[in-house]
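What follows is the content of query.cif, which has mmCIF, N, CA and C atoms:
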data_model
loop_
_atom_site.label_atom_id
_atom_site.label_comp_id
_atom_site.auth_asym_id
_atom_site.auth_seq_id
_atom_site.Cartn_x
_atom_site.Cartn_y
_atom_site.Cartn_z
N MET A 1 144.66 82.52 73.28
CA MET A 1 144.09 82.67 71.95
C MET A 1 143.27 83.95 71.92
N GLY A 2 143.57 84.83 70.95
CA GLY A 2 142.88 86.11 70.83
C GLY A 2 141.57 85.96 70.09
N ILE A 3 140.87 87.07 70.02
CA ILE A 3 139.58 87.06 69.33
C ILE A 3 139.76 86.84 67.82
N TYR A 4 140.89 87.31 67.28
CA TYR A 4 141.20 87.11 65.87
C TYR A 4 142.54 86.39 65.73
N ASN A 5 142.60 85.47 64.80
CA ASN A 5 143.83 84.71 64.58
C ASN A 5 144.46 84.98 63.22
N ARG A 6 143.63 85.20 62.20
CA ARG A 6 144.15 85.43 60.85
C ARG A 6 143.49 86.70 60.32
N ILE A 7 144.32 87.73 60.13
CA ILE A 7 143.82 89.04 59.73
C ILE A 7 144.32 89.36 58.32
N LEU A 8 143.38 89.79 57.47
CA LEU A 8 143.68 90.17 56.09
C LEU A 8 143.46 91.66 55.95
N ALA A 9 144.52 92.42 55.66
CA ALA A 9 144.40 93.85 55.42
C ALA A 9 144.41 94.10 53.92
N VAL A 10 143.37 94.69 53.41
CA VAL A 10 143.23 94.96 51.98
C VAL A 10 143.70 96.38 51.70
N LEU A 11 144.68 96.49 50.81
CA LEU A 11 145.29 97.78 50.54
C LEU A 11 145.20 98.10 49.05
N ASP A 12 144.84 99.35 48.75
CA ASP A 12 144.78 99.75 47.34
C ASP A 12 146.05 100.48 46.91
N LEU A 13 147.02 100.57 47.82
CA LEU A 13 148.31 101.22 47.59
C LEU A 13 148.17 102.72 47.33
N SER A 14 147.09 103.31 47.82
CA SER A 14 146.93 104.77 47.75
C SER A 14 147.67 105.37 48.94
N GLU A 15 147.56 106.68 49.08
CA GLU A 15 148.26 107.36 50.16
C GLU A 15 147.80 106.92 51.55
N HIS A 16 146.63 106.32 51.67
CA HIS A 16 146.11 105.93 52.98
C HIS A 16 146.34 104.46 53.31
N SER A 17 147.00 103.73 52.45
CA SER A 17 147.23 102.30 52.70
C SER A 17 148.04 102.07 53.97
N GLY A 18 148.98 102.93 54.25
CA GLY A 18 149.77 102.80 55.47
C GLY A 18 148.91 102.88 56.71
N ARG A 19 147.92 103.74 56.69
CA ARG A 19 147.01 103.89 57.83
C ARG A 19 146.23 102.59 58.08
N ILE A 20 145.76 101.99 57.00
CA ILE A 20 145.01 100.73 57.11
C ILE A 20 145.92 99.62 57.61
N ALA A 21 147.12 99.53 57.06
CA ALA A 21 148.07 98.49 57.47
C ALA A 21 148.46 98.66 58.94
N HIS A 22 148.68 99.89 59.37
CA HIS A 22 149.03 100.12 60.77
C HIS A 22 147.89 99.75 61.70
N ARG A 23 146.66 100.03 61.30
CA ARG A 23 145.51 99.65 62.13
C ARG A 23 145.44 98.13 62.27
N ALA A 24 145.65 97.43 61.17
CA ALA A 24 145.66 95.96 61.22
C ALA A 24 146.80 95.46 62.10
N GLN A 25 147.96 96.10 62.00
CA GLN A 25 149.11 95.73 62.82
C GLN A 25 148.80 95.92 64.30
N GLN A 26 148.08 96.97 64.65
CA GLN A 26 147.69 97.21 66.04
C GLN A 26 146.80 96.09 66.56
N ILE A 27 145.93 95.59 65.72
CA ILE A 27 145.06 94.49 66.12
C ILE A 27 145.89 93.24 66.37
N VAL A 28 146.87 93.00 65.50
CA VAL A 28 147.77 91.85 65.67
C VAL A 28 148.51 91.96 67.00
N GLU A 29 148.97 93.16 67.34
CA GLU A 29 149.68 93.35 68.59
C GLU A 29 148.78 93.11 69.80
N ALA A 30 147.49 93.39 69.65
CA ALA A 30 146.54 93.16 70.74
C ALA A 30 146.09 91.71 70.82
N CYS A 31 146.30 90.96 69.78
CA CYS A 31 145.95 89.53 69.73
C CYS A 31 147.23 88.76 69.44
N PRO A 32 147.99 88.41 70.48
CA PRO A 32 149.33 87.84 70.29
C PRO A 32 149.41 86.61 69.39
N SER A 33 148.35 85.85 69.29
CA SER A 33 148.41 84.66 68.44
C SER A 33 148.03 84.96 66.99
N ALA A 34 147.69 86.21 66.70
CA ALA A 34 147.21 86.58 65.36
C ALA A 34 148.35 86.76 64.37
N SER A 35 148.03 86.49 63.11
CA SER A 35 148.97 86.75 62.02
C SER A 35 148.30 87.71 61.04
N LEU A 36 149.13 88.47 60.35
CA LEU A 36 148.63 89.48 59.42
C LEU A 36 149.12 89.17 58.02
N THR A 37 148.22 89.31 57.06
CA THR A 37 148.57 89.22 55.64
C THR A 37 148.04 90.47 54.96
N LEU A 38 148.89 91.10 54.17
CA LEU A 38 148.50 92.27 53.38
C LEU A 38 148.13 91.79 51.98
N LEU A 39 147.05 92.34 51.43
CA LEU A 39 146.59 91.95 50.10
C LEU A 39 146.33 93.17 49.25
N HIS A 40 146.83 93.12 48.03
CA HIS A 40 146.49 94.12 47.01
C HIS A 40 146.03 93.37 45.78
N VAL A 41 144.95 93.85 45.18
CA VAL A 41 144.42 93.22 43.97
C VAL A 41 144.55 94.19 42.80
N VAL A 42 145.20 93.73 41.73
CA VAL A 42 145.33 94.52 40.51
C VAL A 42 144.20 94.08 39.59
N GLU A 43 143.38 95.03 39.20
CA GLU A 43 142.27 94.73 38.29
C GLU A 43 142.62 95.27 36.91
N PHE A 44 142.61 94.39 35.94
CA PHE A 44 142.98 94.77 34.58
C PHE A 44 141.76 95.18 33.79
N VAL A 45 141.98 96.09 32.87
CA VAL A 45 140.93 96.49 31.94
C VAL A 45 140.89 95.44 30.84
N PRO A 46 139.69 94.90 30.52
CA PRO A 46 139.62 93.87 29.47
C PRO A 46 140.16 94.39 28.14
N VAL A 47 140.80 93.50 27.41
CA VAL A 47 141.38 93.84 26.11
C VAL A 47 140.76 92.91 25.08
N GLU A 48 140.51 93.45 23.88
CA GLU A 48 140.01 92.62 22.78
C GLU A 48 140.99 91.49 22.52
N PRO A 49 140.55 90.22 22.56
CA PRO A 49 141.48 89.11 22.39
C PRO A 49 142.19 89.08 21.05
N LEU A 50 141.58 89.59 20.00
CA LEU A 50 142.20 89.53 18.68
C LEU A 50 142.77 90.88 18.25
N SER A 51 142.86 91.77 19.19
CA SER A 51 143.36 93.11 18.87
C SER A 51 144.86 93.10 18.65
N ASP A 52 145.32 94.01 17.79
CA ASP A 52 146.76 94.17 17.56
C ASP A 52 147.46 94.70 18.80
N SER A 53 146.71 95.28 19.73
CA SER A 53 147.31 95.88 20.91
C SER A 53 147.43 94.90 22.08
N LEU A 54 147.22 93.62 21.83
CA LEU A 54 147.25 92.64 22.91
C LEU A 54 148.62 92.56 23.56
N MET A 55 149.67 92.56 22.78
CA MET A 55 151.02 92.42 23.34
C MET A 55 151.37 93.55 24.29
N PRO A 56 151.13 94.83 23.91
CA PRO A 56 151.42 95.90 24.87
C PRO A 56 150.58 95.78 26.15
N ALA A 57 149.33 95.32 26.04
CA ALA A 57 148.48 95.18 27.21
C ALA A 57 149.05 94.14 28.16
N VAL A 58 149.55 93.03 27.64
CA VAL A 58 150.15 92.00 28.47
C VAL A 58 151.39 92.55 29.18
N GLN A 59 152.17 93.33 28.46
CA GLN A 59 153.36 93.93 29.04
C GLN A 59 152.97 94.91 30.15
N ILE A 60 151.95 95.72 29.92
CA ILE A 60 151.49 96.68 30.92
C ILE A 60 150.98 95.95 32.16
N GLU A 61 150.24 94.84 31.97
CA GLU A 61 149.74 94.07 33.11
C GLU A 61 150.90 93.55 33.95
N GLY A 62 151.93 93.05 33.30
CA GLY A 62 153.10 92.55 34.01
C GLY A 62 153.79 93.65 34.79
N GLU A 63 153.87 94.84 34.19
CA GLU A 63 154.49 95.98 34.87
C GLU A 63 153.65 96.42 36.07
N LEU A 64 152.32 96.39 35.92
CA LEU A 64 151.45 96.75 37.04
C LEU A 64 151.62 95.78 38.20
N LEU A 65 151.67 94.49 37.90
CA LEU A 65 151.86 93.49 38.95
C LEU A 65 153.21 93.66 39.65
N GLU A 66 154.25 93.88 38.87
CA GLU A 66 155.59 94.04 39.44
C GLU A 66 155.67 95.29 40.31
N SER A 67 155.09 96.38 39.84
CA SER A 67 155.08 97.62 40.61
C SER A 67 154.30 97.43 41.92
N ALA A 68 153.16 96.75 41.85
CA ALA A 68 152.36 96.50 43.05
C ALA A 68 153.13 95.63 44.04
N ARG A 69 153.84 94.62 43.55
CA ARG A 69 154.63 93.75 44.43
C ARG A 69 155.72 94.55 45.14
N ARG A 70 156.38 95.40 44.40
CA ARG A 70 157.46 96.21 44.98
C ARG A 70 156.90 97.14 46.06
N ARG A 71 155.83 97.85 45.74
CA ARG A 71 155.24 98.81 46.68
C ARG A 71 154.67 98.12 47.92
N LEU A 72 154.02 96.98 47.73
CA LEU A 72 153.44 96.27 48.87
C LEU A 72 154.54 95.69 49.76
N GLY A 73 155.61 95.19 49.15
CA GLY A 73 156.74 94.70 49.92
C GLY A 73 157.37 95.81 50.75
N GLU A 74 157.51 96.99 50.18
CA GLU A 74 158.06 98.13 50.90
C GLU A 74 157.15 98.53 52.06
N LEU A 75 155.85 98.54 51.82
CA LEU A 75 154.91 98.90 52.87
C LEU A 75 154.97 97.87 54.00
N ALA A 76 155.03 96.60 53.67
CA ALA A 76 155.11 95.54 54.68
C ALA A 76 156.36 95.71 55.53
N ALA A 77 157.47 96.02 54.90
CA ALA A 77 158.74 96.19 55.62
C ALA A 77 158.72 97.43 56.51
N SER A 78 157.92 98.43 56.16
CA SER A 78 157.88 99.68 56.93
C SER A 78 157.06 99.59 58.21
N LEU A 79 156.34 98.49 58.41
CA LEU A 79 155.45 98.39 59.57
C LEU A 79 156.19 98.20 60.88
N GLY A 80 157.44 97.81 60.82
CA GLY A 80 158.19 97.58 62.05
C GLY A 80 157.94 96.17 62.56
N GLY A 81 158.88 95.64 63.29
CA GLY A 81 158.77 94.27 63.77
C GLY A 81 158.90 93.32 62.59
N PRO A 82 158.53 92.07 62.81
CA PRO A 82 158.59 91.13 61.69
C PRO A 82 157.60 91.54 60.60
N ALA A 83 158.07 91.60 59.37
CA ALA A 83 157.20 92.01 58.27
C ALA A 83 156.09 90.98 58.09
N PRO A 84 154.86 91.44 57.89
CA PRO A 84 153.76 90.50 57.67
C PRO A 84 153.85 89.84 56.30
N ALA A 85 153.15 88.75 56.15
CA ALA A 85 153.03 88.13 54.83
C ALA A 85 152.27 89.10 53.94
N TRP A 86 152.53 89.03 52.65
CA TRP A 86 151.79 89.88 51.72
C TRP A 86 151.67 89.18 50.39
N ARG A 87 150.65 89.59 49.64
CA ARG A 87 150.45 88.99 48.33
C ARG A 87 149.71 89.96 47.41
N VAL A 88 150.02 89.81 46.15
CA VAL A 88 149.36 90.60 45.10
C VAL A 88 148.62 89.62 44.22
N GLU A 89 147.33 89.85 44.04
CA GLU A 89 146.50 89.02 43.18
C GLU A 89 146.02 89.86 42.02
N SER A 90 145.53 89.20 40.98
CA SER A 90 144.93 89.93 39.87
C SER A 90 143.54 89.36 39.62
N GLY A 91 142.65 90.23 39.20
CA GLY A 91 141.28 89.82 38.93
C GLY A 91 140.31 90.89 39.38
N ASN A 92 139.06 90.52 39.53
CA ASN A 92 138.05 91.43 40.02
C ASN A 92 138.33 91.70 41.50
N VAL A 93 138.49 92.96 41.86
CA VAL A 93 138.91 93.32 43.22
C VAL A 93 137.96 92.74 44.27
N LYS A 94 136.68 92.97 44.09
CA LYS A 94 135.70 92.53 45.09
C LYS A 94 135.72 91.00 45.24
N ALA A 95 135.69 90.30 44.11
CA ALA A 95 135.67 88.84 44.16
C ALA A 95 136.96 88.27 44.73
N GLU A 96 138.11 88.85 44.39
CA GLU A 96 139.39 88.34 44.88
C GLU A 96 139.54 88.53 46.38
N ILE A 97 139.04 89.63 46.92
CA ILE A 97 139.12 89.85 48.36
C ILE A 97 138.30 88.80 49.09
N VAL A 98 137.08 88.59 48.65
CA VAL A 98 136.21 87.60 49.30
C VAL A 98 136.79 86.20 49.15
N ARG A 99 137.31 85.88 47.97
CA ARG A 99 137.92 84.56 47.75
C ARG A 99 139.13 84.35 48.64
N ALA A 100 139.99 85.37 48.72
CA ALA A 100 141.19 85.26 49.55
C ALA A 100 140.82 85.06 51.01
N ALA A 101 139.80 85.77 51.48
CA ALA A 101 139.37 85.62 52.88
C ALA A 101 138.83 84.22 53.14
N ARG A 102 138.04 83.72 52.20
CA ARG A 102 137.46 82.39 52.36
C ARG A 102 138.53 81.31 52.27
N ASP A 103 139.32 81.34 51.21
CA ASP A 103 140.32 80.30 50.98
C ASP A 103 141.43 80.33 52.03
N GLY A 104 141.74 81.50 52.56
CA GLY A 104 142.81 81.63 53.54
C GLY A 104 142.37 81.43 54.97
N GLY A 105 141.09 81.22 55.19
CA GLY A 105 140.59 81.00 56.54
C GLY A 105 140.75 82.22 57.44
N PHE A 106 140.66 83.42 56.85
CA PHE A 106 140.81 84.64 57.65
C PHE A 106 139.56 84.87 58.48
N ASP A 107 139.73 85.44 59.67
CA ASP A 107 138.57 85.72 60.51
C ASP A 107 138.34 87.22 60.69
N LEU A 108 139.17 88.04 60.04
CA LEU A 108 138.95 89.48 60.03
C LEU A 108 139.55 90.08 58.76
N ILE A 109 138.78 90.93 58.11
CA ILE A 109 139.26 91.71 56.97
C ILE A 109 139.30 93.16 57.44
N VAL A 110 140.43 93.84 57.21
CA VAL A 110 140.56 95.26 57.52
C VAL A 110 140.64 95.98 56.17
N ILE A 111 139.74 96.93 55.97
CA ILE A 111 139.64 97.62 54.68
C ILE A 111 139.33 99.08 54.92
N GLY A 112 139.78 99.94 54.03
CA GLY A 112 139.50 101.38 54.15
C GLY A 112 138.10 101.70 53.66
N SER A 113 137.54 102.78 54.21
CA SER A 113 136.20 103.20 53.81
C SER A 113 136.10 104.72 53.91
N ARG A 114 135.48 105.31 52.93
CA ARG A 114 135.27 106.76 52.93
C ARG A 114 133.78 107.06 53.12
N GLU A 115 133.51 108.15 53.81
CA GLU A 115 132.15 108.60 53.97
C GLU A 115 131.65 109.10 52.62
N ARG A 116 130.40 108.78 52.31
CA ARG A 116 129.82 109.21 51.03
C ARG A 116 128.54 109.99 51.28
N HIS A 117 128.25 110.88 50.36
CA HIS A 117 127.04 111.71 50.45
C HIS A 117 126.39 111.77 49.08
N GLY A 118 125.11 112.15 49.08
CA GLY A 118 124.41 112.38 47.82
C GLY A 118 124.32 111.14 46.95
N LEU A 119 124.47 111.32 45.65
CA LEU A 119 124.34 110.23 44.70
C LEU A 119 125.43 109.18 44.84
N SER A 120 126.56 109.53 45.44
CA SER A 120 127.64 108.55 45.58
C SER A 120 127.24 107.39 46.48
N ILE A 121 126.20 107.57 47.28
CA ILE A 121 125.70 106.49 48.13
C ILE A 121 125.18 105.33 47.27
N LEU A 122 124.73 105.62 46.06
CA LEU A 122 124.16 104.60 45.19
C LEU A 122 125.22 103.71 44.53
N VAL A 123 126.47 104.13 44.57
CA VAL A 123 127.55 103.37 43.94
C VAL A 123 127.96 102.21 44.85
N ASN A 124 128.03 101.03 44.28
CA ASN A 124 128.43 99.85 45.05
C ASN A 124 129.95 99.79 45.09
N LEU A 125 130.52 100.30 46.16
CA LEU A 125 131.96 100.32 46.30
C LEU A 125 132.48 98.99 46.83
N THR A 126 133.77 98.81 46.72
CA THR A 126 134.41 97.57 47.14
C THR A 126 134.07 97.24 48.59
N GLU A 127 134.19 98.23 49.48
CA GLU A 127 133.94 97.93 50.90
C GLU A 127 132.51 97.47 51.15
N ASP A 128 131.54 97.97 50.36
CA ASP A 128 130.16 97.52 50.50
C ASP A 128 130.03 96.03 50.17
N THR A 129 130.60 95.65 49.03
CA THR A 129 130.53 94.25 48.61
C THR A 129 131.23 93.34 49.61
N VAL A 130 132.42 93.74 50.04
CA VAL A 130 133.17 92.93 51.01
C VAL A 130 132.39 92.78 52.29
N LEU A 131 131.81 93.85 52.78
CA LEU A 131 131.04 93.80 54.03
C LEU A 131 129.92 92.78 53.95
N HIS A 132 129.23 92.73 52.82
CA HIS A 132 128.07 91.85 52.70
C HIS A 132 128.40 90.44 52.23
N ALA A 133 129.54 90.24 51.57
CA ALA A 133 129.87 88.92 51.03
C ALA A 133 130.97 88.20 51.81
N ALA A 134 131.64 88.88 52.70
CA ALA A 134 132.77 88.27 53.41
C ALA A 134 132.32 87.13 54.32
N PRO A 135 133.16 86.11 54.43
CA PRO A 135 132.86 84.98 55.30
C PRO A 135 133.29 85.23 56.75
N CYS A 136 133.67 86.47 57.07
CA CYS A 136 134.21 86.78 58.40
C CYS A 136 133.87 88.22 58.76
N ASP A 137 134.36 88.65 59.92
CA ASP A 137 134.18 90.04 60.34
C ASP A 137 134.94 90.97 59.41
N VAL A 138 134.43 92.21 59.30
CA VAL A 138 135.07 93.23 58.48
C VAL A 138 135.20 94.48 59.33
N LEU A 139 136.41 95.03 59.39
CA LEU A 139 136.65 96.30 60.06
C LEU A 139 136.91 97.35 58.99
N ALA A 140 136.06 98.37 58.97
CA ALA A 140 136.23 99.46 58.01
C ALA A 140 136.96 100.60 58.70
N VAL A 141 138.14 100.90 58.21
CA VAL A 141 138.94 102.00 58.75
C VAL A 141 138.50 103.28 58.06
N ARG A 142 138.01 104.23 58.84
CA ARG A 142 137.51 105.48 58.28
C ARG A 142 138.67 106.28 57.71
N LEU A 143 138.52 106.66 56.43
CA LEU A 143 139.55 107.43 55.74
C LEU A 143 139.04 108.86 55.54
N PRO A 144 139.95 109.82 55.38
CA PRO A 144 139.52 111.19 55.11
C PRO A 144 138.72 111.26 53.82
N PRO A 145 137.83 112.23 53.71
CA PRO A 145 137.05 112.37 52.47
C PRO A 145 137.97 112.55 51.27
N ALA A 146 137.52 112.04 50.14
CA ALA A 146 138.29 112.20 48.90
C ALA A 146 138.26 113.67 48.49
N ALA A 147 139.34 114.11 47.90
CA ALA A 147 139.40 115.48 47.39
C ALA A 147 138.39 115.64 46.26
N PRO A 148 137.77 116.80 46.15
CA PRO A 148 136.81 117.01 45.05
C PRO A 148 137.46 116.76 43.70
N GLY A 149 136.73 116.06 42.85
CA GLY A 149 137.22 115.77 41.51
C GLY A 149 138.07 114.52 41.41
N SER A 150 138.26 113.80 42.52
CA SER A 150 139.07 112.58 42.44
C SER A 150 138.23 111.35 42.59
#
What's the structure tokens form of this structure?
Amino acid sequence: MGIYNRILAVLDLSEHSGRIAHRAQQIVEACPSASLTLLHVVEFVPVEPLSDSLMPAVQIEGELLESARRRLGELAASLGGPAPAWRVESGNVKAEIVRAARDGGFDLIVIGSRERHGLSILVNLTEDTVLHAAPCDVLAVRLPPAAPGS
């Protein structure tokens, strides 16, 4: 029995998601009894319930979910070996990650993190919330700094 048995890798499907998934896969390889699940959360922008634009918003949400499922499935298949389990959830990103970790009995969350400077330190990013609210260990994979203006 390894130190970790159920590992949850949180991916935002950006260019660095593969790096995070591979790091989680390396941990699974080092802990032979461990299983890996990839998670992506789609967060929707609230829409006025009585707005005439409700129908297009519902269609866009469905397209976002379908696109995320396709991309996450492709990423899972690209890891080599047996593809890990994966799932796409919708809702508040921070809350869904913590809920998934708690409800799934995960003992490690692997998430990307960028170094911040200046006023950006004051922003409560997803990794900050997950680190403090998670019911398990959290591994923050250091990502390259964001390009200016992004």
Worksheet item: Residues at most 9 Å from Pro84 in chain A, counting only C-alpha atoms, excluding those fewer than 5 positions away in the same chain, as a list in words?
Response: Gln25, Ser35, Leu36, Thr37, Leu38, Ala76, Ala77 and Leu79 of chain A
Fill in: A:Gly104, A:Gly18, A:Pro144, A:Gly91 ranked by distance to Arg6 in chain A, top pick (using only N, CA and C atoms)
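Smallest separation from Arg6 in chain A among the options: A:Gly104.
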Fill in: Distance criterion (only C-alpha atoms): nearest to Leu13 in chain A out of A:Ser78, A:Ser67, A:Thr129, A:Asn92
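Using only C-alpha atoms, the shortest distance to Leu13 in chain A belongs to A:Ser67.
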Item to complete: Report the residues of chain A whose backbone DSSP state falls under alpha helix (DSSP H), written as a ChimeraX atom specification.
Response: /A:17-30,54-77,93-103,126-133
Worksheet item: To one decimal place, how far is CA of Ala68 in chain A from atom C of Leu131 in chain A in Å?
Response: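 Computed distance, CA of Ala68 in chain A to atom C of Leu131 in chain A, equals 25.2 Å.
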Practice prompt. Report the distance between CA of Glu96 in chain A and CA of Glu15 in chain A in Å, rounded to one decimal place.
Written response: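 Computed distance, CA of Glu96 in chain A to CA of Glu15 in chain A, equals 21.6 Å.
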Discussion item. With distances taken over all atoms listed in the file, which residue among A:Ile3, A:Val98, A:Ala83, A:Val138 lies nearest Ser33 in chain A?
Written reply: A:Ile3
Practice prompt. Using the chain letters and numbering of this document, enumerate as a VMD selection string the residues selected by the PyMOL selection byres (((chain A and resi 110 and name CA) around 12) and name CA).
Written response: chain A and resid 4 6 to 12 17 19 to 28 36 to 39 97 101 106 to 109 111 to 113 127 130 to 131 134 136 to 142
Worksheet entry | Among the residues A:Thr126, A:Gly73, A:Pro135, A:Leu65, the one that comes closest to Arg99 in chain A [using only N, CA and C atoms] |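 Between A:Thr126, A:Gly73, A:Pro135, A:Leu65, the residue approaching Arg99 in chain A most closely is A:Pro135.
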Worksheet item: Hey, which of A:Lys94, A:Gly2, A:Gly80, A:Glu61 ends up closest to Phe44 in chain A? Count all atoms listed in the file.
Response: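 Among A:Lys94, A:Gly2, A:Gly80, A:Glu61, it is A:Glu61 that comes nearest to Phe44 in chain A.
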Discussion item. Please identify the strand (DSSP E or B) residues within chain A (assignment by DSSP from backbone atoms) and present them as an MDAnalysis selection string.
Written reply: chainID A and resid 6:10 35:42 85:90 108:114 137:143
Worksheet item: Separation of CA of Ile60 in chain A and atom C of Leu125 in chain A, in Å?
Response: 24.9 Å
Dump N, CA and C atoms of range 4-29 of chain A from the given block, as an mmCIF file, in the first residue's frame.
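Dumped everything to result23.cif:
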data_model
loop_
_atom_site.group_PDB
_atom_site.id
_atom_site.type_symbol
_atom_site.label_atom_id
_atom_site.label_comp_id
_atom_site.auth_asym_id
_atom_site.auth_seq_id
_atom_site.Cartn_x
_atom_site.Cartn_y
_atom_site.Cartn_z
ATOM 1 N N TYR A 4 -0.243 7.222 -1.152
ATOM 2 C CA TYR A 4 -1.487 7.742 -1.712
ATOM 3 C C TYR A 4 -2.202 6.633 -2.471
ATOM 4 N N ASN A 5 -3.513 6.594 -2.328
ATOM 5 C CA ASN A 5 -4.307 5.570 -3.002
ATOM 6 C C ASN A 5 -5.252 6.146 -4.047
ATOM 7 N N ARG A 6 -5.787 7.337 -3.784
ATOM 8 C CA ARG A 6 -6.736 7.955 -4.725
ATOM 9 C C ARG A 6 -6.260 9.372 -4.994
ATOM 10 N N ILE A 7 -5.853 9.606 -6.242
ATOM 11 C CA ILE A 7 -5.262 10.887 -6.621
ATOM 12 C C ILE A 7 -6.193 11.600 -7.605
ATOM 13 N N LEU A 8 -6.457 12.876 -7.321
ATOM 14 C CA LEU A 8 -7.307 13.711 -8.157
ATOM 15 C C LEU A 8 -6.443 14.794 -8.778
ATOM 16 N N ALA A 9 -6.312 14.789 -10.104
ATOM 17 C CA ALA A 9 -5.565 15.828 -10.809
ATOM 18 C C ALA A 9 -6.559 16.826 -11.387
ATOM 19 N N VAL A 10 -6.443 18.068 -10.996
ATOM 20 C CA VAL A 10 -7.349 19.124 -11.437
ATOM 21 C C VAL A 10 -6.717 19.840 -12.625
ATOM 22 N N LEU A 11 -7.445 19.853 -13.736
ATOM 23 C CA LEU A 11 -6.913 20.411 -14.969
ATOM 24 C C LEU A 11 -7.830 21.500 -15.496
ATOM 25 N N ASP A 12 -7.232 22.613 -15.922
ATOM 26 C CA ASP A 12 -8.038 23.690 -16.498
ATOM 27 C C ASP A 12 -8.057 23.628 -18.027
ATOM 28 N N LEU A 13 -7.430 22.603 -18.584
ATOM 29 C CA LEU A 13 -7.348 22.370 -20.028
ATOM 30 C C LEU A 13 -6.579 23.471 -20.757
ATOM 31 N N SER A 14 -5.699 24.156 -20.035
ATOM 32 C CA SER A 14 -4.807 25.134 -20.668
ATOM 33 C C SER A 14 -3.602 24.376 -21.223
ATOM 34 N N GLU A 15 -2.659 25.121 -21.761
ATOM 35 C CA GLU A 15 -1.482 24.497 -22.357
ATOM 36 C C GLU A 15 -0.645 23.703 -21.353
ATOM 37 N N HIS A 16 -0.790 23.957 -20.066
ATOM 38 C CA HIS A 16 0.022 23.280 -19.056
ATOM 39 C C HIS A 16 -0.689 22.101 -18.394
ATOM 40 N N SER A 17 -1.882 21.785 -18.815
ATOM 41 C CA SER A 17 -2.625 20.679 -18.204
ATOM 42 C C SER A 17 -1.905 19.351 -18.358
ATOM 43 N N GLY A 18 -1.253 19.148 -19.482
ATOM 44 C CA GLY A 18 -0.509 17.913 -19.694
ATOM 45 C C GLY A 18 0.595 17.740 -18.673
ATOM 46 N N ARG A 19 1.248 18.827 -18.320
ATOM 47 C CA ARG A 19 2.324 18.780 -17.320
ATOM 48 C C ARG A 19 1.780 18.337 -15.951
ATOM 49 N N ILE A 20 0.634 18.876 -15.585
ATOM 50 C CA ILE A 20 0.015 18.513 -14.305
ATOM 51 C C ILE A 20 -0.420 17.049 -14.328
ATOM 52 N N ALA A 21 -1.047 16.629 -15.421
ATOM 53 C CA ALA A 21 -1.508 15.243 -15.540
ATOM 54 C C ALA A 21 -0.328 14.264 -15.506
ATOM 55 N N HIS A 22 0.760 14.612 -16.186
ATOM 56 C CA HIS A 22 1.929 13.736 -16.171
ATOM 57 C C HIS A 22 2.547 13.645 -14.781
ATOM 58 N N ARG A 23 2.564 14.743 -14.048
ATOM 59 C CA ARG A 23 3.101 14.706 -12.682
ATOM 60 C C ARG A 23 2.248 13.784 -11.811
ATOM 61 N N ALA A 24 0.935 13.884 -11.949
ATOM 62 C CA ALA A 24 0.043 13.003 -11.194
ATOM 63 C C ALA A 24 0.258 11.547 -11.609
ATOM 64 N N GLN A 25 0.451 11.307 -12.897
ATOM 65 C CA GLN A 25 0.696 9.959 -13.396
ATOM 66 C C GLN A 25 1.991 9.399 -12.811
ATOM 67 N N GLN A 26 3.012 10.221 -12.657
ATOM 68 C CA GLN A 26 4.273 9.784 -12.059
ATOM 69 C C GLN A 26 4.064 9.346 -10.611
ATOM 70 N N ILE A 27 3.211 10.045 -9.899
ATOM 71 C CA ILE A 27 2.924 9.668 -8.511
ATOM 72 C C ILE A 27 2.219 8.323 -8.483
ATOM 73 N N VAL A 28 1.287 8.116 -9.406
ATOM 74 C CA VAL A 28 0.580 6.835 -9.496
ATOM 75 C C VAL A 28 1.575 5.708 -9.767
ATOM 76 N N GLU A 29 2.531 5.946 -10.643
ATOM 77 C CA GLU A 29 3.531 4.928 -10.953
ATOM 78 C C GLU A 29 4.405 4.613 -9.745
#
